[in-house]
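Visitor: Starting off with a structure, shown below.
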Amino acid sequence: MTGTVLLAADDLSVHVGTHTLLRGVSFTLRAGESLTLLGESGAGKSLLAQAVVGNLPTALRAAGSVTLDGTTTRAADAAARRPAWGRTLAVLPQEPALALDPLGRIAPQLAEVHALVRGASAAAADAAAAQGLADAGLAAAAQRYPWQISGGMAQRAAATIALAGGARALLADEPTKGLDAHWRAHTVALLQSVQKAGGCVVTITHDIQVARALGGQVIVLRHGEVVEQGDAAAVLAAPRHPFTRALLAAQPAHWPRHGTATSGAPVLHADDIAKRLGGRTLFEGIDMPIHAGQRWAVQGPSGTGKSTLGNVLLGLLAPDAGQVRRAPALRRHALQKLYQDPVASFAPKASLERSLRDVARLHGCSWASIEARLQRLRLPDGVLARRPFEVSGGELQRIALARALAVEPALLFADEPTSRLDPITQQDAMATLLGAAEETGAALVLVTHDPDIAAAVGSHFVHLHEPVVPTQPALV
């Protein structure tokens, strides 16, 4: 194989103290090539990307070497690769909420990349930003702030901004999580466009369909070590390692169907509700008579108001039409929410154990029952001593699940609760969620973009459609 090495790692490892988190990963990518990283949540996939870029948390240290556009540096020498950020090496991080400036509107953030990285004039940068957002289906959101758009829309905005600098080496961490099939295919095409333009792509994903679509090479990680590596088509068609086979077998399409759910006492009734946002009617005429034990699956394209519907049901937002009537005997904390971006729902400077113990103390929960649930969710030892930004997105999502279940809610609104999890952990987490709901008789309202998960879990279904946009949309 010939050509300049665009991105490579040689015996790359990550350590904290005397503990090895990632051991001896090597790969080589040239123009037009791609690598997909698969594995369980917390296996070290995001750590690998951080070590390559050179932005590991200060407590961690990297070993081995990294080659970028033909130049090799020590993995520990992060400063040597920093000048390449955004120009030669671009990153799409796992959490779009952390990648976007919450105080800046979407279009100016994108235009800034065209101006500062590509050297475009102000007018040209604005025009390029407008075109990029239009291509991503975000033209109507151009002048909104990140907190005014859905998680899937934020994901697309972050991807568009990451690619705007024209970097030839791209690291994309879970770029399709929370996206419906249409926008998942759009994101895959964006990644492939980098390859076609002479670049290379490293993609971290739990989605086996995305791995198949991207092709190229694949590395399967478990407990920080490579268990299988090779041509993606060959590995995914005939995996040799038992863990890879288990990963493929645990895809939601293979999950058992839970069938109908027993309906108990009424919890709440959404009666002909509607909600408008930013001059758009997100949804209208929604009727949801929710009873204990029911499992509602809410589906629809990104930006159709699924999360907003949950906020209306929970009383966090008022409907613009209709009403939500709650059972009069509900406890104050009987309605709980699992957020789509769990990092935003934890105190950033408190340890995860402190956050959970605060819940236990406030609501009189048994700490032993919380620990037991964490074990069933397969969380590693010592994870609670860390802060939210020091664990993987999948680990944090499982901790958020344990926290919400601790108070035994009458209704749990779960907004893409397994979108950051590998198929094995995803199936375990969903089984824990359903098991807890059955034990307590809680109703579950589940938002998911995955039709296989909806079919496996749901007993009642709500489908939202594209918002109705007026001819002259109001500016936000």
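By convention in this document, the chains of the structure tokens carry letters A, B, ... by their order, each chain's residues are numbered from 1, and ligands are numbered from 1 in the order they are shown.
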Run DSSP on the backbone of this structure and report the residues of range 100-217 of chain A it assigns to helix (DSSP H, G or I), as an MDAnalysis selection string.

Guide: chainID A and resid 106:116 122:135 139:141 146:148 151:163 181:196 208:214

Visitor: Fewer than 5 positions away in the same chain doesn't count, so skip those; otherwise give me all residues within 7 Å of range 95-109 of chain A, counting only C-alpha atoms, as JSON, numbers by chain.

Guide: {"A": [129, 130, 142, 143, 144, 145, 146, 147, 154, 155, 158]}

Visitor: Name the residues in contact with Asp341 in chain A at a cut-off of 12 Å, using only C-alpha atoms, excluding same-chain residues fewer than 4 positions from it; report them as a compact mmCIF listing (two decimals) with all heavy atoms, in the first residue's frame.

Guide:
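Heads up, here's the output in around.txt:
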```txt
# COMPACT_ATOMS: atom_id res chain seq x y z
N GLN A 94 -18.58 13.24 21.15
CA GLN A 94 -19.77 12.45 21.42
C GLN A 94 -20.94 13.32 21.88
O GLN A 94 -22.09 13.03 21.58
CB GLN A 94 -19.47 11.40 22.48
CG GLN A 94 -20.59 10.41 22.72
CD GLN A 94 -20.21 9.36 23.74
OE1 GLN A 94 -19.70 9.66 24.80
NE2 GLN A 94 -20.44 8.11 23.40
N GLU A 95 -20.66 14.38 22.61
CA GLU A 95 -21.72 15.21 23.17
C GLU A 95 -21.82 16.54 22.42
O GLU A 95 -21.01 17.44 22.64
CB GLU A 95 -21.46 15.48 24.66
CG GLU A 95 -21.38 14.24 25.52
CD GLU A 95 -22.69 13.49 25.59
OE1 GLU A 95 -23.75 14.05 25.22
OE2 GLU A 95 -22.68 12.32 26.00
N PRO A 96 -22.80 16.70 21.51
CA PRO A 96 -22.92 17.97 20.78
C PRO A 96 -23.17 19.14 21.71
O PRO A 96 -22.81 20.28 21.40
CB PRO A 96 -24.10 17.73 19.84
CG PRO A 96 -24.84 16.58 20.42
CD PRO A 96 -23.82 15.73 21.11
N ALA A 97 -23.78 18.86 22.87
CA ALA A 97 -24.04 19.94 23.83
C ALA A 97 -22.75 20.59 24.30
O ALA A 97 -22.72 21.76 24.66
CB ALA A 97 -24.84 19.41 25.02
N LEU A 98 -21.67 19.79 24.33
CA LEU A 98 -20.37 20.32 24.76
C LEU A 98 -19.58 20.87 23.58
O LEU A 98 -18.63 21.63 23.78
CB LEU A 98 -19.56 19.22 25.45
CG LEU A 98 -20.20 18.61 26.70
CD1 LEU A 98 -19.29 17.54 27.30
CD2 LEU A 98 -20.52 19.68 27.74
N TRP A 147 -29.48 25.41 22.59
CA TRP A 147 -30.50 24.94 23.54
C TRP A 147 -31.91 25.09 23.01
O TRP A 147 -32.87 24.66 23.65
CB TRP A 147 -30.37 25.68 24.88
CG TRP A 147 -30.22 27.16 24.77
CD1 TRP A 147 -29.06 27.87 24.68
CD2 TRP A 147 -31.28 28.13 24.73
NE1 TRP A 147 -29.32 29.22 24.58
CE2 TRP A 147 -30.67 29.42 24.62
CE3 TRP A 147 -32.67 28.06 24.79
CZ2 TRP A 147 -31.41 30.59 24.56
CZ3 TRP A 147 -33.42 29.23 24.72
CH2 TRP A 147 -32.78 30.48 24.62
N SER A 150 -33.36 20.42 18.87
CA SER A 150 -33.40 19.06 19.42
C SER A 150 -32.00 18.45 19.47
O SER A 150 -31.05 18.96 18.85
CB SER A 150 -34.30 18.18 18.55
OG SER A 150 -33.67 17.89 17.31
N GLY A 151 -31.89 17.33 20.20
CA GLY A 151 -30.60 16.66 20.27
C GLY A 151 -30.11 16.18 18.92
O GLY A 151 -28.91 16.29 18.60
N GLY A 152 -31.02 15.65 18.09
CA GLY A 152 -30.62 15.20 16.76
C GLY A 152 -30.17 16.36 15.87
O GLY A 152 -29.22 16.23 15.10
N ALA A 154 -28.86 19.17 17.01
CA ALA A 154 -27.55 19.58 17.53
C ALA A 154 -26.46 18.66 17.03
O ALA A 154 -25.34 19.10 16.73
CB ALA A 154 -27.59 19.60 19.06
N GLN A 155 -26.78 17.37 16.91
CA GLN A 155 -25.81 16.40 16.40
C GLN A 155 -25.43 16.75 14.96
O GLN A 155 -24.26 16.73 14.58
CB GLN A 155 -26.40 15.00 16.48
CG GLN A 155 -25.43 13.88 16.13
CD GLN A 155 -24.47 13.56 17.24
OE1 GLN A 155 -24.52 14.17 18.29
NE2 GLN A 155 -23.60 12.62 17.01
N LYS A 177 -25.79 8.88 16.75
CA LYS A 177 -26.67 8.58 17.88
C LYS A 177 -27.83 9.58 17.90
O LYS A 177 -27.67 10.76 17.65
CB LYS A 177 -25.92 8.63 19.21
CG LYS A 177 -25.52 10.02 19.64
CD LYS A 177 -24.84 10.01 21.00
CE LYS A 177 -24.62 11.42 21.52
NZ LYS A 177 -23.83 12.27 20.65
N GLY A 178 -29.03 9.08 18.17
CA GLY A 178 -30.19 9.95 18.24
C GLY A 178 -30.72 10.42 16.90
O GLY A 178 -31.59 11.29 16.86
N SER A 307 -38.91 15.29 22.37
CA SER A 307 -38.47 15.71 23.71
C SER A 307 -39.43 16.77 24.27
O SER A 307 -39.72 16.76 25.48
CB SER A 307 -37.05 16.27 23.65
OG SER A 307 -36.13 15.30 23.21
N LYS A 337 -37.54 11.98 34.45
CA LYS A 337 -37.07 12.08 33.06
C LYS A 337 -35.62 11.61 32.96
O LYS A 337 -34.78 11.95 33.78
CB LYS A 337 -37.16 13.54 32.58
CG LYS A 337 -36.66 13.74 31.15
CD LYS A 337 -36.85 15.17 30.69
CE LYS A 337 -36.35 15.37 29.26
NZ LYS A 337 -36.55 16.75 28.77
N SER A 345 -27.29 16.77 32.85
CA SER A 345 -28.20 16.56 33.97
C SER A 345 -27.46 16.25 35.27
O SER A 345 -28.10 15.95 36.28
CB SER A 345 -29.19 15.44 33.65
OG SER A 345 -28.54 14.18 33.59
N PHE A 346 -26.12 16.31 35.25
CA PHE A 346 -25.33 16.06 36.45
C PHE A 346 -24.56 17.31 36.83
O PHE A 346 -24.13 18.08 35.96
CB PHE A 346 -24.33 14.91 36.22
CG PHE A 346 -24.95 13.54 36.26
CD1 PHE A 346 -25.49 12.98 35.12
CD2 PHE A 346 -24.99 12.82 37.44
CE1 PHE A 346 -26.07 11.71 35.14
CE2 PHE A 346 -25.56 11.55 37.48
CZ PHE A 346 -26.10 11.00 36.34
N PRO A 388 -18.70 13.70 36.08
CA PRO A 388 -19.41 13.34 34.85
C PRO A 388 -18.56 13.34 33.59
O PRO A 388 -18.73 12.46 32.74
CB PRO A 388 -20.52 14.40 34.77
CG PRO A 388 -20.78 14.76 36.19
CD PRO A 388 -19.44 14.71 36.87
N GLY A 393 -19.79 8.33 27.69
CA GLY A 393 -21.19 8.70 27.55
C GLY A 393 -22.11 7.54 27.91
O GLY A 393 -23.16 7.74 28.53
N GLY A 394 -21.73 6.32 27.54
CA GLY A 394 -22.55 5.15 27.87
C GLY A 394 -22.59 4.88 29.35
O GLY A 394 -23.65 4.52 29.90
N LEU A 396 -22.24 7.13 31.72
CA LEU A 396 -23.04 8.18 32.35
C LEU A 396 -24.53 7.96 32.11
O LEU A 396 -25.37 8.23 32.98
CB LEU A 396 -22.60 9.54 31.80
CG LEU A 396 -23.11 10.76 32.56
CD1 LEU A 396 -22.62 10.74 34.00
CD2 LEU A 396 -22.67 12.05 31.88
N GLN A 397 -24.87 7.43 30.93
CA GLN A 397 -26.27 7.18 30.64
C GLN A 397 -26.83 6.10 31.57
O GLN A 397 -27.97 6.18 32.04
CB GLN A 397 -26.42 6.76 29.17
CG GLN A 397 -27.82 6.97 28.62
CD GLN A 397 -27.81 7.00 27.10
OE1 GLN A 397 -26.95 6.40 26.47
NE2 GLN A 397 -28.75 7.70 26.51
N ARG A 398 -26.01 5.09 31.87
CA ARG A 398 -26.47 4.04 32.78
C ARG A 398 -26.61 4.55 34.21
O ARG A 398 -27.53 4.15 34.93
CB ARG A 398 -25.49 2.85 32.71
CG ARG A 398 -25.69 1.99 31.48
CD ARG A 398 -24.67 0.87 31.43
NE ARG A 398 -23.39 1.34 30.89
CZ ARG A 398 -22.25 0.67 31.01
NH1 ARG A 398 -22.21 -0.45 31.69
NH2 ARG A 398 -21.15 1.14 30.47
N ALA A 400 -27.36 7.63 35.00
CA ALA A 400 -28.58 8.44 34.97
C ALA A 400 -29.81 7.55 35.08
O ALA A 400 -30.80 7.91 35.74
CB ALA A 400 -28.62 9.28 33.70
N ALA A 414 -38.29 8.50 29.11
CA ALA A 414 -36.92 8.12 28.77
C ALA A 414 -36.61 8.60 27.36
O ALA A 414 -37.14 8.07 26.37
CB ALA A 414 -36.74 6.61 28.87
N ASP A 415 -35.79 9.64 27.25
CA ASP A 415 -35.47 10.27 25.98
C ASP A 415 -34.20 9.66 25.40
O ASP A 415 -33.09 10.00 25.81
CB ASP A 415 -35.30 11.78 26.20
CG ASP A 415 -35.34 12.57 24.90
OD1 ASP A 415 -35.32 11.95 23.83
OD2 ASP A 415 -35.39 13.81 24.97
N GLU A 416 -34.36 8.74 24.47
CA GLU A 416 -33.23 8.02 23.86
C GLU A 416 -32.30 7.47 24.95
O GLU A 416 -31.10 7.75 24.95
CB GLU A 416 -32.46 8.95 22.92
CG GLU A 416 -33.25 9.44 21.73
CD GLU A 416 -33.37 8.41 20.62
OE1 GLU A 416 -32.85 7.28 20.78
OE2 GLU A 416 -33.99 8.73 19.61
N PRO A 417 -32.80 6.64 25.88
CA PRO A 417 -31.99 6.25 27.03
C PRO A 417 -30.85 5.30 26.72
O PRO A 417 -29.97 5.11 27.56
CB PRO A 417 -33.02 5.58 27.96
CG PRO A 417 -34.05 5.02 27.02
CD PRO A 417 -34.15 6.04 25.91
N THR A 418 -30.86 4.68 25.54
CA THR A 418 -29.79 3.74 25.22
C THR A 418 -29.01 4.15 23.97
O THR A 418 -28.27 3.35 23.41
CB THR A 418 -30.35 2.32 25.02
OG1 THR A 418 -31.28 2.32 23.93
CG2 THR A 418 -31.06 1.82 26.28
N SER A 419 -29.15 5.40 23.55
CA SER A 419 -28.57 5.82 22.27
C SER A 419 -27.05 5.81 22.29
O SER A 419 -26.41 5.78 21.24
CB SER A 419 -29.07 7.22 21.90
OG SER A 419 -28.67 8.17 22.87
N ARG A 420 -26.42 5.86 23.48
CA ARG A 420 -24.97 5.88 23.56
C ARG A 420 -24.38 4.52 23.93
O ARG A 420 -23.18 4.43 24.21
CB ARG A 420 -24.53 6.92 24.61
CG ARG A 420 -24.77 8.34 24.19
CD ARG A 420 -24.80 9.28 25.38
NE ARG A 420 -24.93 10.66 24.96
CZ ARG A 420 -26.07 11.21 24.56
NH1 ARG A 420 -27.17 10.49 24.53
NH2 ARG A 420 -26.12 12.47 24.19
```

Visitor: So that I can see what lies close to range 207-214 of chain A, please list as a PDB file with C-alpha atoms, in the first residue's frame the residues with an atom at most 8 Å from it, counting only C-alpha atoms and leaving out residues fewer than 2 positions away in the same chain.

Guide:
```pdb
ATOM      1  CA  SER A  34     -11.712   4.454   7.090  1.00  0.00           C
ATOM      2  CA  THR A  36     -14.598   1.938  12.673  1.00  0.00           C
ATOM      3  CA  VAL A 188     -22.716   8.392   6.795  1.00  0.00           C
ATOM      4  CA  GLN A 192     -17.746   9.120   3.135  1.00  0.00           C
ATOM      5  CA  THR A 205     -20.152   3.821  16.851  1.00  0.00           C
ATOM      6  CA  GLY A 216     -12.900  -0.164   5.526  1.00  0.00           C
ATOM      7  CA  VAL A 218     -12.768  -2.334  11.995  1.00  0.00           C
ATOM      8  CA  ALA A 232     -14.965  -4.623   8.275  1.00  0.00           C
ATOM      9  CA  ALA A 233     -16.959  -6.709   5.811  1.00  0.00           C
ATOM     10  CA  LEU A 236     -18.889  -8.436  10.577  1.00  0.00           C
ATOM     11  CA  LEU A 248     -23.793  -8.728  16.591  1.00  0.00           C
ATOM     12  CA  GLN A 251     -28.702  -5.903  17.874  1.00  0.00           C
ATOM     13  CA  ASP A 422     -23.365  -0.766  22.546  1.00  0.00           C
ATOM     14  CA  PRO A 423     -25.948  -3.461  21.641  1.00  0.00           C
TER      15      PRO A 423
END
```

Visitor: Do a neighbour search on range 222-231 of chain A at 6 Å with only C-alpha atoms, toss out local chain neighbours closer than 4 positions, and write the hits as a list in words.

Guide: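 Neighbouring residues, sequence-local ones excluded: Leu21, Leu22, Arg23, Gly39, Ala43, Gly44, Gln217 and Val218 of chain A.
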
Visitor: Where does DSSP see strand (DSSP E) in range 325-395 of chain A, if you list the residues as a list in words?

Guide: Arg325, Arg326, Leu335, Gln336, Lys337 and Leu338 of chain A

Visitor: If I take CA of Ala123 in chain A and CA of Arg156 in chain A, how far is one from the other in Å, to one decimal?

Guide: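 Here the two named atoms are 23.0 Å from each other.
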
Visitor: Just give me the gap between CA of Trp296 in chain A and CA of Gly458 in chain A in Å, one decimal is fine.

Guide: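 Computed distance, CA of Trp296 in chain A to CA of Gly458 in chain A, equals 5.4 Å.
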
Visitor: Under the rule that only C-alpha atoms are counted, which of A:Leu37, A:Leu138, A:Cys365, A:Ala429 is the nearest residue to His206 in chain A?

Guide: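 That would be A:Leu37, the residue with the smallest distance to His206 in chain A.
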
Visitor: Need the shell around Ser65 in chain A: protein/DNA/RNA residues with any atom at most 7 Å away, counting only C-alpha atoms. Skip same-chain ones fewer than 6 positions apart. Format as an MDAnalysis selection string?

Guide: chainID A and resid 9:12 72:75

Visitor: Write the residues you've just listed into a file as an mmCIF file, in the first residue's frame, and include N, CA and C atoms for each of them.

Guide:
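Saved to result_9.cif:
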```cif
data_model
loop_
_atom_site.group_PDB
_atom_site.id
_atom_site.type_symbol
_atom_site.label_atom_id
_atom_site.label_comp_id
_atom_site.auth_asym_id
_atom_site.auth_seq_id
_atom_site.Cartn_x
_atom_site.Cartn_y
_atom_site.Cartn_z
ATOM 1 N N ALA A 9 -1.662 5.078 14.472
ATOM 2 C CA ALA A 9 -1.285 4.904 15.867
ATOM 3 C C ALA A 9 -0.433 3.653 15.967
ATOM 4 N N ASP A 10 0.599 3.722 16.788
ATOM 5 C CA ASP A 10 1.488 2.566 16.971
ATOM 6 C C ASP A 10 1.602 2.277 18.460
ATOM 7 N N ASP A 11 1.073 1.113 18.864
ATOM 8 C CA ASP A 11 1.137 0.667 20.264
ATOM 9 C C ASP A 11 0.599 1.744 21.212
ATOM 10 N N LEU A 12 -0.520 2.332 20.848
ATOM 11 C CA LEU A 12 -1.100 3.422 21.625
ATOM 12 C C LEU A 12 -1.768 2.873 22.881
ATOM 13 N N THR A 72 5.369 11.870 12.623
ATOM 14 C CA THR A 72 5.161 11.033 13.803
ATOM 15 C C THR A 72 5.608 11.758 15.058
ATOM 16 N N THR A 73 4.769 11.723 16.089
ATOM 17 C CA THR A 73 5.084 12.322 17.385
ATOM 18 C C THR A 73 4.766 11.319 18.484
ATOM 19 N N ARG A 74 5.349 11.534 19.657
ATOM 20 C CA ARG A 74 5.008 10.708 20.809
ATOM 21 C C ARG A 74 3.552 10.975 21.193
ATOM 22 N N ALA A 75 2.849 9.936 21.543
ATOM 23 C CA ALA A 75 1.454 10.117 21.928
ATOM 24 C C ALA A 75 1.325 11.056 23.119
#
```

Visitor: Need the shell around Arg403 in chain A: protein/DNA/RNA residues with any atom at most 9 Å away, counting only C-alpha atoms. Skip same-chain ones fewer than 4 positions apart. Format as a PyMOL selection string?

Guide: chain A and resi 355-356+359-360+370+398-399+407

Visitor: Just to confirm, what's the straight-line distance from CA of Ala63 in chain A to CA of Ala31 in chain A in Å (one decimal)?

Guide: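 CA of Ala31 in chain A lies 25.3 Å from CA of Ala63 in chain A.
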